[in-house]
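With PDB, C-alpha atoms inside, this is target_31.pdb:
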MODEL        1
ATOM      1  CA  MET A   1     193.667-239.148 -31.061  1.00  0.00           C
ATOM      2  CA  SER A   2     194.637-242.752 -31.548  1.00  0.00           C
ATOM      3  CA  TYR A   3     195.983-245.297 -29.159  1.00  0.00           C
ATOM      4  CA  TYR A   4     198.501-248.105 -29.129  1.00  0.00           C
ATOM      5  CA  ASN A   5     197.745-251.657 -28.075  1.00  0.00           C
ATOM      6  CA  ASN A   6     200.802-253.818 -27.370  1.00  0.00           C
ATOM      7  CA  ASP A   7     203.000-251.178 -29.071  1.00  0.00           C
ATOM      8  CA  ARG A   8     200.909-251.389 -32.238  1.00  0.00           C
ATOM      9  CA  TYR A   9     198.860-248.486 -33.573  1.00  0.00           C
ATOM     10  CA  GLU A  10     195.159-249.255 -33.841  1.00  0.00           C
ATOM     11  CA  GLN A  11     192.965-246.915 -35.814  1.00  0.00           C
ATOM     12  CA  THR A  12     189.652-246.321 -34.094  1.00  0.00           C
ATOM     13  CA  HIS A  13     186.812-244.142 -35.398  1.00  0.00           C
ATOM     14  CA  VAL A  14     185.667-240.532 -35.622  1.00  0.00           C
ATOM     15  CA  HIS A  15     182.269-238.816 -35.820  1.00  0.00           C
ATOM     16  CA  GLU A  16     181.045-236.070 -38.111  1.00  0.00           C
ATOM     17  CA  VAL A  17     179.533-233.055 -36.374  1.00  0.00           C
ATOM     18  CA  GLN A  18     177.668-230.039 -37.687  1.00  0.00           C
ATOM     19  CA  GLY A  19     175.328-227.555 -36.138  1.00  0.00           C
ATOM     20  CA  SER A  20     174.270-224.047 -35.245  1.00  0.00           C
ATOM     21  CA  LEU A  21     175.009-222.152 -32.070  1.00  0.00           C
ATOM     22  CA  GLN A  22     172.231-220.605 -30.012  1.00  0.00           C
ATOM     23  CA  ILE A  23     171.418-216.942 -30.600  1.00  0.00           C
ATOM     24  CA  ALA A  24     173.492-214.442 -28.597  1.00  0.00           C
ATOM     25  CA  GLU A  25     173.084-210.679 -28.043  1.00  0.00           C
ATOM     26  CA  ARG A  26     169.294-210.960 -28.343  1.00  0.00           C
ATOM     27  CA  GLU A  27     168.727-207.302 -27.424  1.00  0.00           C
ATOM     28  CA  ASP A  28     171.524-205.551 -29.361  1.00  0.00           C
ATOM     29  CA  ASP A  29     172.578-207.697 -32.320  1.00  0.00           C
ATOM     30  CA  PRO A  30     170.857-211.116 -32.365  1.00  0.00           C
ATOM     31  CA  HIS A  31     172.833-213.666 -34.334  1.00  0.00           C
ATOM     32  CA  ASN A  32     174.185-217.186 -34.329  1.00  0.00           C
ATOM     33  CA  HIS A  33     176.951-219.087 -36.127  1.00  0.00           C
ATOM     34  CA  ARG A  34     177.308-222.448 -37.861  1.00  0.00           C
ATOM     35  CA  PHE A  35     180.071-225.037 -37.717  1.00  0.00           C
ATOM     36  CA  ALA A  36     181.094-228.389 -39.190  1.00  0.00           C
ATOM     37  CA  THR A  37     183.932-230.661 -38.068  1.00  0.00           C
ATOM     38  CA  VAL A  38     185.078-234.205 -37.366  1.00  0.00           C
ATOM     39  CA  THR A  39     186.001-235.437 -33.880  1.00  0.00           C
ATOM     40  CA  ASP A  40     189.377-236.909 -32.998  1.00  0.00           C
ATOM     41  CA  GLU A  41     189.682-240.654 -32.571  1.00  0.00           C
ATOM     42  CA  VAL A  42     188.684-242.639 -29.469  1.00  0.00           C
ATOM     43  CA  ILE A  43     189.879-241.783 -25.952  1.00  0.00           C
ATOM     44  CA  PRO A  44     189.085-244.813 -23.752  1.00  0.00           C
ATOM     45  CA  CYS A  45     187.211-244.050 -20.513  1.00  0.00           C
ATOM     46  CA  GLY A  46     185.678-246.303 -17.913  1.00  0.00           C
ATOM     47  CA  ARG A  47     185.531-250.049 -18.336  1.00  0.00           C
ATOM     48  CA  ASP A  48     184.019-250.221 -21.782  1.00  0.00           C
ATOM     49  CA  ASN A  49     183.382-246.748 -23.140  1.00  0.00           C
ATOM     50  CA  HIS A  50     185.115-243.793 -24.745  1.00  0.00           C
ATOM     51  CA  VAL A  51     184.914-240.066 -25.493  1.00  0.00           C
ATOM     52  CA  HIS A  52     186.286-237.893 -28.309  1.00  0.00           C
ATOM     53  CA  ASN A  53     188.083-234.556 -28.396  1.00  0.00           C
ATOM     54  CA  ILE A  54     186.229-232.035 -30.521  1.00  0.00           C
ATOM     55  CA  VAL A  55     187.557-228.752 -31.871  1.00  0.00           C
ATOM     56  CA  PHE A  56     185.774-226.313 -34.157  1.00  0.00           C
ATOM     57  CA  ARG A  57     185.762-222.763 -35.415  1.00  0.00           C
ATOM     58  CA  THR A  58     182.489-221.166 -36.476  1.00  0.00           C
ATOM     59  CA  ASP A  59     181.657-219.175 -39.565  1.00  0.00           C
ATOM     60  CA  PHE A  60     182.010-215.368 -39.459  1.00  0.00           C
ATOM     61  CA  TYR A  61     179.380-212.835 -38.499  1.00  0.00           C
ATOM     62  CA  GLU A  62     180.245-209.124 -38.657  1.00  0.00           C
ATOM     63  CA  ASN A  63     184.002-209.721 -38.464  1.00  0.00           C
ATOM     64  CA  HIS A  64     184.073-212.245 -35.643  1.00  0.00           C
ATOM     65  CA  PHE A  65     183.928-215.986 -35.081  1.00  0.00           C
ATOM     66  CA  HIS A  66     184.072-218.348 -32.096  1.00  0.00           C
ATOM     67  CA  THR A  67     186.098-221.439 -31.255  1.00  0.00           C
ATOM     68  CA  PHE A  68     185.565-224.460 -29.061  1.00  0.00           C
ATOM     69  CA  CYS A  69     187.845-227.187 -27.745  1.00  0.00           C
ATOM     70  CA  GLY A  70     186.527-229.910 -25.436  1.00  0.00           C
ATOM     71  CA  LYS A  71     185.331-233.496 -25.077  1.00  0.00           C
ATOM     72  CA  THR A  72     182.096-235.315 -25.856  1.00  0.00           C
ATOM     73  CA  CYS A  73     180.195-237.357 -23.312  1.00  0.00           C
ATOM     74  CA  PRO A  74     180.694-241.144 -23.356  1.00  0.00           C
ATOM     75  CA  ALA A  75     179.067-243.171 -26.141  1.00  0.00           C
ATOM     76  CA  ILE A  76     175.272-243.514 -26.209  1.00  0.00           C
ATOM     77  CA  ARG A  77     174.062-246.699 -27.912  1.00  0.00           C
ATOM     78  CA  VAL A  78     171.693-246.287 -30.858  1.00  0.00           C
ATOM     79  CA  GLY A  79     170.807-249.743 -32.143  1.00  0.00           C
ATOM     80  CA  ASP A  80     174.059-251.394 -33.177  1.00  0.00           C
ATOM     81  CA  ARG A  81     175.911-248.047 -33.366  1.00  0.00           C
ATOM     82  CA  HIS A  82     176.447-245.063 -31.081  1.00  0.00           C
ATOM     83  CA  VAL A  83     176.505-241.257 -30.886  1.00  0.00           C
ATOM     84  CA  HIS A  84     177.925-238.738 -28.401  1.00  0.00           C
ATOM     85  CA  PHE A  85     176.309-235.676 -26.794  1.00  0.00           C
ATOM     86  CA  LEU A  86     177.869-232.375 -25.804  1.00  0.00           C
ATOM     87  CA  LYS A  87     176.420-229.260 -24.143  1.00  0.00           C
ATOM     88  CA  ASP A  88     178.836-226.361 -23.650  1.00  0.00           C
ATOM     89  CA  VAL A  89     179.715-222.776 -24.559  1.00  0.00           C
ATOM     90  CA  THR A  90     182.057-221.217 -27.142  1.00  0.00           C
ATOM     91  CA  SER A  91     184.990-218.871 -26.703  1.00  0.00           C
ATOM     92  CA  PHE A  92     184.303-215.240 -25.699  1.00  0.00           C
ATOM     93  CA  ASN A  93     184.667-213.029 -28.784  1.00  0.00           C
ATOM     94  CA  ASP A  94     183.222-209.645 -29.744  1.00  0.00           C
ATOM     95  CA  GLY A  95     181.867-209.243 -26.203  1.00  0.00           C
ATOM     96  CA  HIS A  96     179.842-212.461 -26.026  1.00  0.00           C
ATOM     97  CA  ARG A  97     179.785-216.248 -26.234  1.00  0.00           C
ATOM     98  CA  HIS A  98     177.238-218.767 -27.530  1.00  0.00           C
ATOM     99  CA  ASP A  99     175.696-221.796 -25.848  1.00  0.00           C
ATOM    100  CA  PHE A 100     175.284-224.942 -27.915  1.00  0.00           C
ATOM    101  CA  ARG A 101     174.081-228.534 -27.750  1.00  0.00           C
ATOM    102  CA  LEU A 102     175.023-231.215 -30.226  1.00  0.00           C
ATOM    103  CA  ALA A 103     174.839-234.895 -30.963  1.00  0.00           C
ATOM    104  CA  THR A 104     177.457-236.392 -33.233  1.00  0.00           C
ATOM    105  CA  PHE A 105     176.465-238.263 -36.359  1.00  0.00           C
ATOM    106  CA  ILE A 106     176.355-242.019 -35.916  1.00  0.00           C
ATOM    107  CA  GLU A 107     179.743-243.699 -36.243  1.00  0.00           C
ATOM    108  CA  ASP A 108     180.657-245.632 -39.414  1.00  0.00           C
ATOM    109  CA  PRO A 109     177.091-245.688 -40.830  1.00  0.00           C
ATOM    110  CA  ILE A 110     177.854-248.046 -43.733  1.00  0.00           C
ATOM    111  CA  GLY A 111     180.428-250.264 -41.999  1.00  0.00           C
ATOM    112  CA  GLU A 112     180.013-253.804 -40.715  1.00  0.00           C
ATOM    113  CA  GLU A 113     177.841-254.292 -37.646  1.00  0.00           C
ATOM    114  CA  ASP A 114     179.615-254.212 -34.272  1.00  0.00           C
TER     115      ASP A 114
ENDMDL
END
Show this structure as structure tokens.
Amino acid sequence: MSYYNNDRYEQTHVHEVQGSLQIAEREDDPHNHRFATVTDEVIPCGRDNHVHNIVFRTDFYENHFHTFCGKTCPAIRVGDRHVHFLKDVTSFNDGHRHDFRLATFIEDPIGEED
């Protein structure tokens, strides 16, 4: 998602995200899934912060996968950069869902300092 300032498009930034879901069906068929994605651009929130939409689809395990669509938490400063955190649950597929926790990669790691 991008935004317009004074009717002019301003490109913001995105974050890379990759991870593994927590194990589900521990008793019957224990397994997890992996995912990799990139967030949408900045969604302003509060006085001086922002969040990002995040959407992903996992890899397959025994003919099923999971999806997720949601928002990160506001930015968390890390030195002169920031990351975002998210704790949630996937879609319900094949009789179960998976919990997950993630932190985005740092934004623009080789760009100019803020």
Non-local contacts of Val17 of chain A (10 Å; all atoms listed in the file; under 2 positions in same chain excluded) as a list in words: Val14, His15, Gly19, Phe35, Ala36, Thr37, Val38, Thr39, Ile54, Phe56, His84, Leu102, Ala103, Thr104, Phe105 and Ile106 of chain A
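Computed from the coordinates, the atom CA of His50 of chain A to atom CA of Leu21 of chain A distance equals 25.0 Å.
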Given the PyMOL selection byres ((chain A and resi 99) around 12), the residues it picks as a list in words: Gly19, Ser20, Leu21, Gln22, Ile23, Ala24, Glu25, Asn32, His33, His66, Thr67, Phe68, Leu86, Lys87, Asp88, Val89, Thr90, Ser91, Phe92, His96, Arg97, His98, Phe100, Arg101 and Leu102 of chain A
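Distance-wise, atom CA of Glu62 of chain A and atom CA of Asp28 of chain A end up 13.2 Å apart.
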Would you give the centre and edge lengths, in Å to one decimal, of a box along x, y and z around the listed atoms of segment 87-100 of chain A, with 6 Å added to each side, as lines of an AutoDock Vina configuration file?
center_x = 180.1
center_y = -219.3
center_z = -26.7
size_x = 21.7
size_y = 32.0
size_z = 18.1
Interatomic distance, atom CA of Asn49 of chain A to atom CA of Thr72 of chain A (Å, one decimal): 11.8 Å
Glu41 of chain A surroundings by only C-alpha atoms, 12 Å radius, close-in-sequence under 3 positions cut, as a PyMOL selection string: chain A and resi 1-3+10-16+38+44+50-54+71-72+107
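Nearest-residue note for Arg57 of chain A: choosing from A:Asp40, A:Cys73, A:Ile110, A:Arg34, the minimum distance belongs to A:Arg34, counting all atoms listed in the file.
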Top pick for closest residue to Asp59 of chain A, considering A:His31, A:His82, A:Arg77, A:Arg47 and counting only C-alpha atoms: A:His31
Nearest candidate to Cys69 of chain A (options A:Arg81, A:Val55, A:Gly111, A:Ile43; using only C-alpha atoms): A:Val55
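Here the residues that fall within 6 Å of (186.1, -212.4, -30.9), using all atoms listed in the file, are given as A:His64, A:Phe65, A:Asn93, A:Asp94.
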Next, write the just-selected residues to a file, as a PDB file, keeping the file's coordinate frame, keeping C-alpha atoms as the atom set.
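Writing the result to selection29.pdb gives the following:
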ATOM      1  CA  HIS A  64     184.073-212.245 -35.643  1.00  0.00           C
ATOM      2  CA  PHE A  65     183.928-215.986 -35.081  1.00  0.00           C
ATOM      3  CA  ASN A  93     184.667-213.029 -28.784  1.00  0.00           C
ATOM      4  CA  ASP A  94     183.222-209.645 -29.744  1.00  0.00           C
TER       5      ASP A  94
END
Reconstruct N, CA and C atoms of segment 100-114 of chain A from the incomplete input and present them as a compact mmCIF listing (two decimals), in the coordinates of the input.
# COMPACT_ATOMS: atom_id res chain seq x y z
N PHE A 100 175.65 -223.99 -26.86
CA PHE A 100 175.28 -224.94 -27.92
C PHE A 100 175.06 -226.32 -27.32
N ARG A 101 174.31 -227.12 -28.04
CA ARG A 101 174.08 -228.53 -27.75
C ARG A 101 174.25 -229.28 -29.06
N LEU A 102 174.86 -230.45 -29.00
CA LEU A 102 175.02 -231.22 -30.23
C LEU A 102 175.02 -232.71 -29.94
N ALA A 103 174.66 -233.45 -30.94
CA ALA A 103 174.84 -234.90 -30.96
C ALA A 103 175.66 -235.19 -32.21
N THR A 104 176.65 -236.03 -32.07
CA THR A 104 177.46 -236.39 -33.23
C THR A 104 176.62 -237.21 -34.20
N PHE A 105 177.07 -237.32 -35.43
CA PHE A 105 176.46 -238.26 -36.36
C PHE A 105 176.84 -239.66 -35.87
N ILE A 106 176.09 -240.63 -36.30
CA ILE A 106 176.36 -242.02 -35.92
C ILE A 106 177.71 -242.46 -36.49
N GLU A 107 178.42 -243.30 -35.77
CA GLU A 107 179.74 -243.70 -36.24
C GLU A 107 179.64 -244.74 -37.35
N ASP A 108 180.50 -244.63 -38.34
CA ASP A 108 180.66 -245.63 -39.41
C ASP A 108 179.31 -246.16 -39.93
N PRO A 109 178.46 -245.29 -40.50
CA PRO A 109 177.09 -245.69 -40.83
C PRO A 109 176.98 -246.80 -41.87
N ILE A 110 177.96 -246.99 -42.73
CA ILE A 110 177.85 -248.05 -43.73
C ILE A 110 178.80 -249.21 -43.49
N GLY A 111 179.48 -249.20 -42.33
CA GLY A 111 180.43 -250.26 -42.00
C GLY A 111 179.73 -251.53 -41.52
N GLU A 112 180.52 -252.54 -41.25
CA GLU A 112 180.01 -253.80 -40.72
C GLU A 112 179.39 -253.58 -39.36
N GLU A 113 178.44 -254.40 -38.97
CA GLU A 113 177.84 -254.29 -37.65
C GLU A 113 178.88 -254.60 -36.58
N ASP A 114 178.71 -253.97 -35.40
CA ASP A 114 179.62 -254.21 -34.27
C ASP A 114 179.52 -255.66 -33.84
